Amino acid sequence: MKKSFQILLSSFLVLFLIGCTKKNDLTKNTNSTEDSLSVYLSLANDISLSYESKQKYTQKALSVVEKKKNDSLTRANLFKIANRYFNMNDLESFKVISELVLNRAIIAKDSAYMAKAYTYLGDYYSNRMISDSAFRSYFKAQKIYLQINDQYNLAKTLISKASLQYNEADFFESEISVFKALEILKTKKDVNEQLYECYNLLGILSNEREEYNKAIDYQNKALKTLDDKSIPSDFQLKATSLNNIGFVYLRMKNYTQAISCFEKGLEEKNLFEEKTILYAMLLDNLAYSKLKSNRVDGLPAQFYRSLKIRDSLGLKMEMISNQIHLSEYYALKKDTAKAVEFSKQALLLSRSSDKLNNTLQALKQIAAVDPKNAAKYSKEYIQLNDKMLKAERNMGEKFSRIEYETNEIKDQNSSLQEKNKTLVYVFSICTLLGLFFYVYKTQQAKNRELLFKQQQQIANEDIYNLMISQQNEIELTRIKEKKRVAQELHDGILGRMFGIRISLDSLDKLDEIEAVPKRKKYLTELKNVEQDIREISHDLNREKSELINNFVSILNKLFEDQINTYSSKLITFFDPEIKWDLMSNIEKINLYRIVQEGLQNCNKYAEADIIRVEFKNENNNLVLRIEDDGIGFNTNRTKNGIGLHNIEYRVKECKGTVTIKSAKGEGTILSIEIPIDPNNNLHNDI
């Protein structure tokens, strides 16, 4: 069962190392003062409060700190907030705050806080079992502490790195890191807590190499450091060492000594309340030692109690150990069904773990209790074992590669600094040349735009003159028609009305009997005059309609050319409510050109089957809509086209707005909205 216990010890070691580091910070920084920040931090660390309350106070503390300037005190307070999140096991918030401190430290060029932030991030990745990121963070912190000659924090970082290397089975490099840390710590005072971590890890490493006497010697040295009463008792370090010593004896098959150590560990005061995880571990180890020594007192109840505690804490990977031990217990009792049941539970749970070692132990146990399928399980065991060995080698190589790449980057940075001066000169010259070229090209573009606007203005003037000429001809025709109407009224209508008036006057001299037929005759004549006046009025209205509809006729001529030239089906619509007489010549010229440009774009690019052009009156605004069912285009990438630019320019001249909607394969909709100015009049129309 070597590997099964290795997982228990390594996972506990990581939690212990990190927990000690964070908790130590807390004991130094929870003195309550009248300052609101201190109050919030103190309440956030109050174990009597609920998780939600501690989260609330931590968030309040963060809101206070975020408003302060980026100085060393603010960064120190951010670390305190990170510690609160760590103690609440809110690792994602812990990571966010750690990255925030790192960014602020980089801005402030504060190497000490940069290194500390990297160690916090290393702790986060260690807990999340993202080993390469954790190692990279620890190594960056290590390099910075070396540069600023902070020996104490360098030693702590080396211990964290050694623990990570141990967890990834890189035992040789882990031992090197521990000895480097020890070499530093032996020259320091008041570092018993860190010395304990070193000796404890060295004891575990010696146990892995089956150097049991050396392992016990290191664990005893770790116990000796606990004579320092300044180390908080709630760390339960003595129980930790007793567990580790008991495990060494278990490996040596000295079950009596193992049982004694585990029982002493369980007797430590407040163990269950302060380190429930360690309590469950000692209980499982004790029960297993009894099982191996054929002592059944307290079995299987101790296995079940340990399993229940771990299940309540959500320690799924640790539950695998209990299930395997229970399978061994029932196999010893010849209860094959339960033995297979617990081994299958362990195998199922281990498959959800990214630790192949758990699955190997479960496969080994199920193969032992289920002989019928042993061949299948053994084959899988061999395959996974090869995979695990390869993964361990790769991780060791990855750690070495990270160190190499980081050092190489440092060397490259030194080399780059030598080249920077030359690069600055070259870059400055290139920048000046680029700036000159940019100004030149920009000026060229402005000149082209100005030339285009001039040409466009000339074209508009030509169109305007042509339309004015046409307007003059219409006006001449109108004057002639007015003269004709005037002549009709003078020579015809007025003459006849004068004759009727004289005749009506003469009726006064006649008798009533004689006057009646003549009066009827004159009334008939008045009706004829009324009819003639009505016909003249209708003629005048038709003239006005023809004048107004002249612009529509020009557009219809454009549409007729479109239909005759291109295969696309063209559908047009003119809203009869449009008051064309309220639109100026300039607006009509621009509308004509917009329609012309829109149809040209449809013909050249859209590949459309149907094109629809609509003129509508909406809330005293003229709305022109050109729609096609063509291939469409990306409006974000085609905004600089000269055609669209012209349309936008013309719409702007009319004080209107333009909207283009299009997407690949979904056609295009061009919408123009121009206000109809009631101050314009018919005399300005085409």
# chains A, B, ... in the order shown; residues from 1 in each chain; ligands from 1

call {"tool": "residues_around", "arguments": {"residues": "stretch 554-559 of chain A", "least_positions_apart": "6", "cutoff": "8 Å", "atoms": "only C-alpha atoms", "output": "list in words"}}
result
Leu570, Tyr592 and Gln596 of chain A

call {"tool": "residues_around", "arguments": {"residues": "A:Leu307", "least_positions_apart": "5", "cutoff": "9 Å", "atoms": "only C-alpha atoms", "output": "MDAnalysis selection string"}}
result
chainID A and resid 280 284 302 312 318:323

call {"tool": "residues_around", "arguments": {"residues": "A:Ala115", "least_positions_apart": "3", "cutoff": "9 Å", "atoms": "only C-alpha atoms", "output": "ChimeraX atom specification"}}
result
/A:102,110-112,118-120,137-138,140-145,153

call {"tool": "write_last_selection", "arguments": {"atoms": "C-alpha atoms", "output": "mmCIF file, in the first residue's frame"}}
result
data_model
loop_
_atom_site.group_PDB
_atom_site.id
_atom_site.type_symbol
_atom_site.label_atom_id
_atom_site.label_comp_id
_atom_site.auth_asym_id
_atom_site.auth_seq_id
_atom_site.Cartn_x
_atom_site.Cartn_y
_atom_site.Cartn_z
ATOM 1 C CA LEU A 102 1.065 41.469 -8.678
ATOM 2 C CA ASP A 110 8.134 46.747 -5.964
ATOM 3 C CA SER A 111 10.196 43.541 -6.204
ATOM 4 C CA ALA A 112 9.361 42.282 -2.685
ATOM 5 C CA TYR A 118 4.063 35.004 -7.185
ATOM 6 C CA THR A 119 4.203 32.763 -4.087
ATOM 7 C CA TYR A 120 0.481 33.333 -3.506
ATOM 8 C CA SER A 137 5.185 31.015 -10.063
ATOM 9 C CA TYR A 138 7.424 29.688 -7.264
ATOM 10 C CA LYS A 140 9.774 33.475 -10.462
ATOM 11 C CA ALA A 141 9.447 34.335 -6.768
ATOM 12 C CA GLN A 142 12.697 32.489 -6.047
ATOM 13 C CA LYS A 143 14.595 34.489 -8.697
ATOM 14 C CA ILE A 144 13.301 37.802 -7.329
ATOM 15 C CA TYR A 145 14.149 36.921 -3.712
ATOM 16 C CA ASN A 153 11.372 34.421 2.081
#

call {"tool": "closest_residue", "arguments": {"among": "A:Ala215, A:Ile669, A:Cys654, A:Val552", "to": "A:Asn590", "atoms": "only C-alpha atoms"}}
result
A:Cys654

call {"tool": "atom_distance", "arguments": {"atom1": "atom CA of A:Ala61", "atom2": "atom CA of A:Tyr40"}}
result
5.5 Å

call {"tool": "atom_distance", "arguments": {"atom1": "atom CA of A:Leu78", "atom2": "atom CA of A:Glu66"}}
result
8.6 Å

call {"tool": "atom_distance", "arguments": {"atom1": "atom CA of A:Ala108", "atom2": "atom CA of A:Tyr124"}}
result
23.4 Å

call {"tool": "residues_around", "arguments": {"residues": "stretch 617-628 of chain A", "least_positions_apart": "6", "cutoff": "6 Å", "atoms": "only C-alpha atoms", "output": "PyMOL selection string"}}
result
chain A and resi 578+608+610-611+667-676

call {"tool": "decode", "arguments": {"residues": "stretch 616-675 of chain A", "atoms": "C-alpha atoms", "output": "PDB file, in the first residue's frame"}}
result
ATOM      1  CA  LYS A 616     -42.392  56.903 -48.815  1.00  0.00           C
ATOM      2  CA  ASN A 617     -43.660  59.789 -46.691  1.00  0.00           C
ATOM      3  CA  GLU A 618     -43.152  58.998 -43.004  1.00  0.00           C
ATOM      4  CA  ASN A 619     -43.783  61.740 -40.419  1.00  0.00           C
ATOM      5  CA  ASN A 620     -43.034  64.531 -42.923  1.00  0.00           C
ATOM      6  CA  ASN A 621     -39.792  62.807 -43.891  1.00  0.00           C
ATOM      7  CA  LEU A 622     -39.001  61.441 -47.332  1.00  0.00           C
ATOM      8  CA  VAL A 623     -37.750  57.873 -46.922  1.00  0.00           C
ATOM      9  CA  LEU A 624     -35.867  56.295 -49.829  1.00  0.00           C
ATOM     10  CA  ARG A 625     -35.291  52.560 -49.479  1.00  0.00           C
ATOM     11  CA  ILE A 626     -33.190  50.500 -51.938  1.00  0.00           C
ATOM     12  CA  GLU A 627     -33.258  46.776 -51.178  1.00  0.00           C
ATOM     13  CA  ASP A 628     -31.785  43.747 -52.999  1.00  0.00           C
ATOM     14  CA  ASP A 629     -31.643  40.003 -52.342  1.00  0.00           C
ATOM     15  CA  GLY A 630     -28.008  39.683 -53.446  1.00  0.00           C
ATOM     16  CA  ILE A 631     -24.871  38.284 -51.820  1.00  0.00           C
ATOM     17  CA  GLY A 632     -24.537  41.094 -49.267  1.00  0.00           C
ATOM     18  CA  PHE A 633     -21.271  42.309 -47.725  1.00  0.00           C
ATOM     19  CA  ASN A 634     -19.540  43.014 -44.407  1.00  0.00           C
ATOM     20  CA  THR A 635     -20.455  46.632 -43.590  1.00  0.00           C
ATOM     21  CA  ASN A 636     -17.551  46.890 -41.117  1.00  0.00           C
ATOM     22  CA  ARG A 637     -14.982  46.183 -43.832  1.00  0.00           C
ATOM     23  CA  THR A 638     -16.498  48.183 -46.711  1.00  0.00           C
ATOM     24  CA  LYS A 639     -17.112  51.547 -45.086  1.00  0.00           C
ATOM     25  CA  ASN A 640     -14.394  53.304 -47.069  1.00  0.00           C
ATOM     26  CA  GLY A 641     -15.839  52.545 -50.529  1.00  0.00           C
ATOM     27  CA  ILE A 642     -16.070  55.674 -52.692  1.00  0.00           C
ATOM     28  CA  GLY A 643     -19.655  54.884 -53.751  1.00  0.00           C
ATOM     29  CA  LEU A 644     -20.920  54.650 -50.185  1.00  0.00           C
ATOM     30  CA  HIS A 645     -18.878  57.707 -49.296  1.00  0.00           C
ATOM     31  CA  ASN A 646     -20.630  59.676 -52.072  1.00  0.00           C
ATOM     32  CA  ILE A 647     -24.043  58.558 -50.864  1.00  0.00           C
ATOM     33  CA  GLU A 648     -23.234  59.612 -47.288  1.00  0.00           C
ATOM     34  CA  TYR A 649     -21.958  62.968 -48.539  1.00  0.00           C
ATOM     35  CA  ARG A 650     -25.141  63.648 -50.566  1.00  0.00           C
ATOM     36  CA  VAL A 651     -27.403  62.630 -47.679  1.00  0.00           C
ATOM     37  CA  LYS A 652     -25.474  64.960 -45.400  1.00  0.00           C
ATOM     38  CA  GLU A 653     -26.034  67.819 -47.888  1.00  0.00           C
ATOM     39  CA  CYS A 654     -29.774  67.159 -47.603  1.00  0.00           C
ATOM     40  CA  LYS A 655     -29.531  67.145 -43.777  1.00  0.00           C
ATOM     41  CA  GLY A 656     -30.662  63.543 -43.762  1.00  0.00           C
ATOM     42  CA  THR A 657     -29.500  60.223 -42.345  1.00  0.00           C
ATOM     43  CA  VAL A 658     -28.350  57.037 -44.049  1.00  0.00           C
ATOM     44  CA  THR A 659     -28.487  53.443 -42.753  1.00  0.00           C
ATOM     45  CA  ILE A 660     -26.929  50.394 -44.409  1.00  0.00           C
ATOM     46  CA  LYS A 661     -27.859  46.881 -43.308  1.00  0.00           C
ATOM     47  CA  SER A 662     -26.144  43.921 -44.907  1.00  0.00           C
ATOM     48  CA  ALA A 663     -24.561  40.570 -44.165  1.00  0.00           C
ATOM     49  CA  LYS A 664     -22.938  37.832 -46.212  1.00  0.00           C
ATOM     50  CA  GLY A 665     -25.651  35.979 -48.158  1.00  0.00           C
ATOM     51  CA  GLU A 666     -28.511  38.094 -46.730  1.00  0.00           C
ATOM     52  CA  GLY A 667     -28.791  40.933 -49.263  1.00  0.00           C
ATOM     53  CA  THR A 668     -28.484  44.673 -48.617  1.00  0.00           C
ATOM     54  CA  ILE A 669     -30.884  47.413 -47.450  1.00  0.00           C
ATOM     55  CA  LEU A 670     -29.975  51.084 -48.034  1.00  0.00           C
ATOM     56  CA  SER A 671     -32.297  53.487 -46.154  1.00  0.00           C
ATOM     57  CA  ILE A 672     -32.205  57.284 -46.654  1.00  0.00           C
ATOM     58  CA  GLU A 673     -34.343  59.651 -44.557  1.00  0.00           C
ATOM     59  CA  ILE A 674     -34.561  63.343 -45.583  1.00  0.00           C
ATOM     60  CA  PRO A 675     -36.772  65.938 -43.846  1.00  0.00           C
TER      61      PRO A 675
END
